[in-house]
Amino acid sequence: MNIVLFGPPNAGKGTQAKTLVDTRGWVQLSTGDMLRAAIAAGSDLGKRVQAIMDAGELVSDDIVIELIEERLPEAEAAGGAIFDGFPRTVAQAKALDRLLAGRDSQIDKVILLVVDRDELTNRVEKRATEQGRADDTVEVFNNRFDVYENQTAPLIPYYAGQGKVVEVDGMGSIGAVSASIAAALDG
C-alpha cells in the first residue's frame with residue numbers, strides 16, 4: 001500500500017510516518033529527511049538544497065523525483081511507502097502517478113492531517129528550541145505555510161477527485177492521531 005501523509009508544514013506528518021514504519025513495516029519516503037541527508041553529506045546537490053530550504057522555498061521537482069525513484073525498490077520490498085512531504089504540487093503528484101504506474105503501482109490513500117495554524121506556530125517554536133533546526137523559525141514557517149496554501153493545497157481536490165482523501169483530526173495526541181490514521185487505512 002502506498003499512502004501520502006498530507007497537511008501543512010509541522011502538522012505531524014513525520015511523527016505519524018515513523019509510527020506507521022514501526023507498526024506496519026512500510027518505508028518512510030521523507031523528502032525533508034532525504035534533502036537534509038544531502039545537505040549533511042556536503043555534496044554540490046546538498047549545498048544547492050541548503051540555500052533553497054533555508055529560504056523556505058521548495059526544491060525542484062526533478063531533484064525530488066530522483067530522490068524518490070532511488071528509494072522505491074526498498075519501499076516495494078517492504079510492502080508499502082509512506083510519502084511524507086511529497087508530493088507538494090499537482091505537477092509532482094502527476095509525476096509520482098506516472099512513476100508508480102510504470103511500476104504497476106499507485107497511491108492508495110491520502111491522509112489529510114487537519115490542524116490549526118496557531119498551534120502549528122507553537123509547534124515550530126518548540127521544535128526550534130528542542131532541535132535547533134535552522135529551517136524552524138517563525139519567519140521560515142510562515143513562508144512555508146504560505147507556499148503550502150498557494151502551491152500544495154490544490155493537491156486536495158486532485159486526490160479527492162480520485163476518491164483517495166481521508167481527513168484525520170491532527171490536533172489530538174500523537175496516539176489519538178495514530179489510531180485515527182490506522183482506522184482510515186484499515187477501513
# chains A, B, ... in the order shown; residues from 1 in each chain; ligands from 1
>>> select_by_dssp(residues="chain A", states="helix (DSSP H, G or I)", output="PyMOL selection string")
chain A and resi 13-24+31-41+44-54+61-78+90-101+117-131+138-152+155-160+174-186
>>> residues_around(residues="Phe6 in chain A", least_positions_apart="2", cutoff="6 Å", atoms="only C-alpha atoms", output="PyMOL selection string")
chain A and resi 4+111-112
>>> write_last_selection(atoms="C-alpha atoms", output="short mmCIF file (atom, residue, chain, number, x, y, z; two decimals), in the first residue's frame")
data_model
loop_
_atom_site.label_atom_id
_atom_site.label_comp_id
_atom_site.auth_asym_id
_atom_site.auth_seq_id
_atom_site.Cartn_x
_atom_site.Cartn_y
_atom_site.Cartn_z
CA VAL A 4 0.61 10.14 1.21
CA ILE A 111 -4.29 11.00 4.79
CA LEU A 112 -5.01 14.71 5.28
#
>>> closest_residue(among="A:Thr152, A:Thr137, A:Asn142, A:Gln162", to="Ile107 in chain A", atoms="only C-alpha atoms")
A:Gln162
>>> residues_around(residues="Leu58 in chain A", least_positions_apart="4", cutoff="9 Å", atoms="only C-alpha atoms", output="PyMOL selection string")
chain A and resi 52-53+88+144+147
>>> closest_atom_pairs(of="range 3-111 of chain A", to="range 117-131 of chain A", cutoff="9 Å", atoms="only C-alpha atoms", output="JSON lines")
{"residue": "A:Pro8", "atom": "CA", "partner": "A:Arg117", "partner_atom": "CA", "distance": 8.4}
{"residue": "A:Pro9", "atom": "CA", "partner": "A:Leu120", "partner_atom": "CA", "distance": 7.8}
{"residue": "A:Asn10", "atom": "CA", "partner": "A:Leu120", "partner_atom": "CA", "distance": 6.0}
{"residue": "A:Ala11", "atom": "CA", "partner": "A:Leu120", "partner_atom": "CA", "distance": 6.6}
>>> closest_residue(among="A:Glu149, A:Pro73, A:Asp108, A:Val114", to="Gly163 in chain A", atoms="only C-alpha atoms")
A:Asp108
>>> atom_distance(atom1="CA of Lys13 in chain A", atom2="CA of Asp84 in chain A")
6.2 Å
>>> atom_distance(atom1="CA of Ala40 in chain A", atom2="CA of Gln16 in chain A")
23.9 Å
>>> closest_residue(among="A:Ala37, A:Glu57, A:Phe145, A:Tyr158", to="Ala91 in chain A", atoms="only C-alpha atoms")
A:Tyr158
>>> closest_residue(among="A:Gly172, A:Pro157, A:Gly132, A:Gly42", to="Val110 in chain A", atoms="only C-alpha atoms")
A:Pro157
>>> atom_distance(atom1="CA of Phe83 in chain A", atom2="CA of Asn2 in chain A")
7.6 Å
>>> residues_around(residues="Val90 in chain A", least_positions_apart="3", cutoff="12 Å", atoms="only C-alpha atoms", output="number ranges by chain")
A: 61, 86-87, 93-97, 148, 150-159
>>> closest_residue(among="A:Arg36, A:Val138, A:Gly175, A:Arg71", to="Ala51 in chain A", atoms="only C-alpha atoms")
A:Arg36
>>> select_by_dssp(residues="range 31-170 of chain A", states="strand (DSSP E or B)", output="list in words")
Ala81, Ile82, Phe83, Asp84, Lys109, Val110, Ile111, Leu112, Leu113, Val114, Val165, Val166, Glu167, Val168 and Asp169 of chain A
>>> residues_around(residues="Ala78 in chain A", least_positions_apart="5", cutoff="9 Å", atoms="only C-alpha atoms", output="PyMOL selection string")
chain A and resi 25-27+73
>>> decode(residues="range 13-138 of chain A", atoms="C-alpha atoms", output="PDB file, in the first residue's frame")
ATOM      1  CA  LYS A  13       3.450  14.061   9.199  1.00  0.00           C
ATOM      2  CA  GLY A  14       6.947  12.899  10.146  1.00  0.00           C
ATOM      3  CA  THR A  15       5.862  11.714  13.586  1.00  0.00           C
ATOM      4  CA  GLN A  16       2.937   9.760  12.151  1.00  0.00           C
ATOM      5  CA  ALA A  17       5.102   8.298   9.383  1.00  0.00           C
ATOM      6  CA  LYS A  18       7.504   6.923  11.985  1.00  0.00           C
ATOM      7  CA  THR A  19       4.581   5.278  13.795  1.00  0.00           C
ATOM      8  CA  LEU A  20       3.479   3.632  10.543  1.00  0.00           C
ATOM      9  CA  VAL A  21       7.041   2.418   9.923  1.00  0.00           C
ATOM     10  CA  ASP A  22       7.057   0.845  13.405  1.00  0.00           C
ATOM     11  CA  THR A  23       3.574  -0.686  13.218  1.00  0.00           C
ATOM     12  CA  ARG A  24       3.350  -1.704   9.548  1.00  0.00           C
ATOM     13  CA  GLY A  25       6.954  -2.049   8.410  1.00  0.00           C
ATOM     14  CA  TRP A  26       6.492   0.292   5.456  1.00  0.00           C
ATOM     15  CA  VAL A  27       9.245   2.606   4.240  1.00  0.00           C
ATOM     16  CA  GLN A  28       9.011   6.313   5.003  1.00  0.00           C
ATOM     17  CA  LEU A  29       9.969   8.385   1.998  1.00  0.00           C
ATOM     18  CA  SER A  30      10.520  11.739   3.656  1.00  0.00           C
ATOM     19  CA  THR A  31      11.845  14.205   1.159  1.00  0.00           C
ATOM     20  CA  GLY A  32      12.787  16.513   4.020  1.00  0.00           C
ATOM     21  CA  ASP A  33      14.949  13.803   5.587  1.00  0.00           C
ATOM     22  CA  MET A  34      16.450  12.878   2.223  1.00  0.00           C
ATOM     23  CA  LEU A  35      17.220  16.522   1.472  1.00  0.00           C
ATOM     24  CA  ARG A  36      18.747  17.089   4.928  1.00  0.00           C
ATOM     25  CA  ALA A  37      20.927  13.997   4.382  1.00  0.00           C
ATOM     26  CA  ALA A  38      22.144  15.504   1.098  1.00  0.00           C
ATOM     27  CA  ILE A  39      22.973  18.732   2.956  1.00  0.00           C
ATOM     28  CA  ALA A  40      24.816  16.820   5.695  1.00  0.00           C
ATOM     29  CA  ALA A  41      26.847  14.984   3.049  1.00  0.00           C
ATOM     30  CA  GLY A  42      28.094  18.367   1.820  1.00  0.00           C
ATOM     31  CA  SER A  43      27.643  17.434  -1.830  1.00  0.00           C
ATOM     32  CA  ASP A  44      27.054  20.032  -4.536  1.00  0.00           C
ATOM     33  CA  LEU A  45      23.408  18.985  -4.513  1.00  0.00           C
ATOM     34  CA  GLY A  46      23.359  19.386  -0.741  1.00  0.00           C
ATOM     35  CA  LYS A  47      24.740  22.922  -0.949  1.00  0.00           C
ATOM     36  CA  ARG A  48      22.144  23.934  -3.537  1.00  0.00           C
ATOM     37  CA  VAL A  49      19.383  22.327  -1.493  1.00  0.00           C
ATOM     38  CA  GLN A  50      20.502  24.082   1.696  1.00  0.00           C
ATOM     39  CA  ALA A  51      20.170  27.553   0.186  1.00  0.00           C
ATOM     40  CA  ILE A  52      16.681  26.700  -1.096  1.00  0.00           C
ATOM     41  CA  MET A  53      15.485  25.146   2.196  1.00  0.00           C
ATOM     42  CA  ASP A  54      16.950  27.904   4.384  1.00  0.00           C
ATOM     43  CA  ALA A  55      14.834  30.380   2.425  1.00  0.00           C
ATOM     44  CA  GLY A  56      11.736  28.225   2.984  1.00  0.00           C
ATOM     45  CA  GLU A  57      11.324  27.566  -0.739  1.00  0.00           C
ATOM     46  CA  LEU A  58      10.531  24.280  -2.488  1.00  0.00           C
ATOM     47  CA  VAL A  59      13.269  22.161  -4.060  1.00  0.00           C
ATOM     48  CA  SER A  60      12.839  21.458  -7.805  1.00  0.00           C
ATOM     49  CA  ASP A  61      10.614  18.609  -8.902  1.00  0.00           C
ATOM     50  CA  ASP A  62      13.464  16.924 -10.795  1.00  0.00           C
ATOM     51  CA  ILE A  63      15.635  16.665  -7.688  1.00  0.00           C
ATOM     52  CA  VAL A  64      12.805  15.317  -5.542  1.00  0.00           C
ATOM     53  CA  ILE A  65      11.602  12.788  -8.137  1.00  0.00           C
ATOM     54  CA  GLU A  66      15.164  11.489  -8.473  1.00  0.00           C
ATOM     55  CA  LEU A  67      15.423  11.008  -4.708  1.00  0.00           C
ATOM     56  CA  ILE A  68      12.061   9.192  -4.584  1.00  0.00           C
ATOM     57  CA  GLU A  69      12.842   6.928  -7.533  1.00  0.00           C
ATOM     58  CA  GLU A  70      16.048   5.746  -5.854  1.00  0.00           C
ATOM     59  CA  ARG A  71      14.107   4.607  -2.768  1.00  0.00           C
ATOM     60  CA  LEU A  72      11.080   2.933  -4.414  1.00  0.00           C
ATOM     61  CA  PRO A  73      12.595  -0.569  -4.665  1.00  0.00           C
ATOM     62  CA  GLU A  74      13.130  -0.565  -0.885  1.00  0.00           C
ATOM     63  CA  ALA A  75       9.513   0.505  -0.295  1.00  0.00           C
ATOM     64  CA  GLU A  76       8.178  -2.108  -2.685  1.00  0.00           C
ATOM     65  CA  ALA A  77      10.112  -4.838  -0.879  1.00  0.00           C
ATOM     66  CA  ALA A  78       8.614  -3.677   2.439  1.00  0.00           C
ATOM     67  CA  GLY A  79       5.049  -3.758   1.107  1.00  0.00           C
ATOM     68  CA  GLY A  80       4.398  -0.034   1.114  1.00  0.00           C
ATOM     69  CA  ALA A  81       5.603   3.522   1.004  1.00  0.00           C
ATOM     70  CA  ILE A  82       4.678   6.442   3.202  1.00  0.00           C
ATOM     71  CA  PHE A  83       5.179   9.642   1.244  1.00  0.00           C
ATOM     72  CA  ASP A  84       5.933  12.365   3.773  1.00  0.00           C
ATOM     73  CA  GLY A  85       6.393  15.869   2.394  1.00  0.00           C
ATOM     74  CA  PHE A  86       5.862  14.765  -1.185  1.00  0.00           C
ATOM     75  CA  PRO A  87       4.141  15.461  -3.489  1.00  0.00           C
ATOM     76  CA  ARG A  88       3.843  19.183  -2.816  1.00  0.00           C
ATOM     77  CA  THR A  89       2.461  20.348  -6.145  1.00  0.00           C
ATOM     78  CA  VAL A  90      -0.006  18.970  -8.670  1.00  0.00           C
ATOM     79  CA  ALA A  91       2.895  18.620 -11.132  1.00  0.00           C
ATOM     80  CA  GLN A  92       4.747  16.451  -8.601  1.00  0.00           C
ATOM     81  CA  ALA A  93       1.611  14.375  -7.964  1.00  0.00           C
ATOM     82  CA  LYS A  94       1.229  13.724 -11.672  1.00  0.00           C
ATOM     83  CA  ALA A  95       4.930  12.817 -11.949  1.00  0.00           C
ATOM     84  CA  LEU A  96       4.557  10.448  -8.988  1.00  0.00           C
ATOM     85  CA  ASP A  97       1.448   8.881 -10.531  1.00  0.00           C
ATOM     86  CA  ARG A  98       3.395   8.275 -13.775  1.00  0.00           C
ATOM     87  CA  LEU A  99       6.403   6.887 -11.887  1.00  0.00           C
ATOM     88  CA  LEU A 100       4.235   4.495  -9.859  1.00  0.00           C
ATOM     89  CA  ALA A 101       2.126   3.458 -12.868  1.00  0.00           C
ATOM     90  CA  GLY A 102       5.344   2.498 -14.633  1.00  0.00           C
ATOM     91  CA  ARG A 103       5.963   0.140 -11.716  1.00  0.00           C
ATOM     92  CA  ASP A 104       2.368  -1.223 -11.739  1.00  0.00           C
ATOM     93  CA  SER A 105       1.548   0.677  -8.567  1.00  0.00           C
ATOM     94  CA  GLN A 106      -0.373   3.737  -7.365  1.00  0.00           C
ATOM     95  CA  ILE A 107      -1.153   5.963  -4.405  1.00  0.00           C
ATOM     96  CA  ASP A 108      -3.813   4.091  -2.456  1.00  0.00           C
ATOM     97  CA  LYS A 109      -4.799   6.660   0.188  1.00  0.00           C
ATOM     98  CA  VAL A 110      -4.069  10.264   1.077  1.00  0.00           C
ATOM     99  CA  ILE A 111      -4.291  11.004   4.790  1.00  0.00           C
ATOM    100  CA  LEU A 112      -5.009  14.710   5.278  1.00  0.00           C
ATOM    101  CA  LEU A 113      -3.985  15.919   8.745  1.00  0.00           C
ATOM    102  CA  VAL A 114      -6.306  18.789   9.626  1.00  0.00           C
ATOM    103  CA  VAL A 115      -4.645  21.226  12.058  1.00  0.00           C
ATOM    104  CA  ASP A 116      -4.804  24.800  13.354  1.00  0.00           C
ATOM    105  CA  ARG A 117      -2.200  27.343  12.114  1.00  0.00           C
ATOM    106  CA  ASP A 118      -1.741  28.942  15.562  1.00  0.00           C
ATOM    107  CA  GLU A 119      -0.986  25.538  17.063  1.00  0.00           C
ATOM    108  CA  LEU A 120       1.465  24.863  14.259  1.00  0.00           C
ATOM    109  CA  THR A 121       3.296  28.092  15.102  1.00  0.00           C
ATOM    110  CA  ASN A 122       3.624  26.865  18.698  1.00  0.00           C
ATOM    111  CA  ARG A 123       4.995  23.534  17.435  1.00  0.00           C
ATOM    112  CA  VAL A 124       7.592  25.346  15.308  1.00  0.00           C
ATOM    113  CA  GLU A 125       8.806  27.405  18.251  1.00  0.00           C
ATOM    114  CA  LYS A 126       9.020  24.302  20.447  1.00  0.00           C
ATOM    115  CA  ARG A 127      10.862  22.210  17.840  1.00  0.00           C
ATOM    116  CA  ALA A 128      13.285  25.058  17.101  1.00  0.00           C
ATOM    117  CA  THR A 129      14.177  25.212  20.792  1.00  0.00           C
ATOM    118  CA  GLU A 130      14.475  21.429  21.211  1.00  0.00           C
ATOM    119  CA  GLN A 131      16.200  20.517  17.940  1.00  0.00           C
ATOM    120  CA  GLY A 132      17.875  23.754  16.863  1.00  0.00           C
ATOM    121  CA  ARG A 133      16.946  23.294  13.197  1.00  0.00           C
ATOM    122  CA  ALA A 134      17.833  26.289  11.015  1.00  0.00           C
ATOM    123  CA  ASP A 135      14.689  25.798   8.927  1.00  0.00           C
ATOM    124  CA  ASP A 136      12.468  26.136  12.024  1.00  0.00           C
ATOM    125  CA  THR A 137      11.942  29.825  12.566  1.00  0.00           C
ATOM    126  CA  VAL A 138       8.562  31.514  12.668  1.00  0.00           C
TER     127      VAL A 138
END
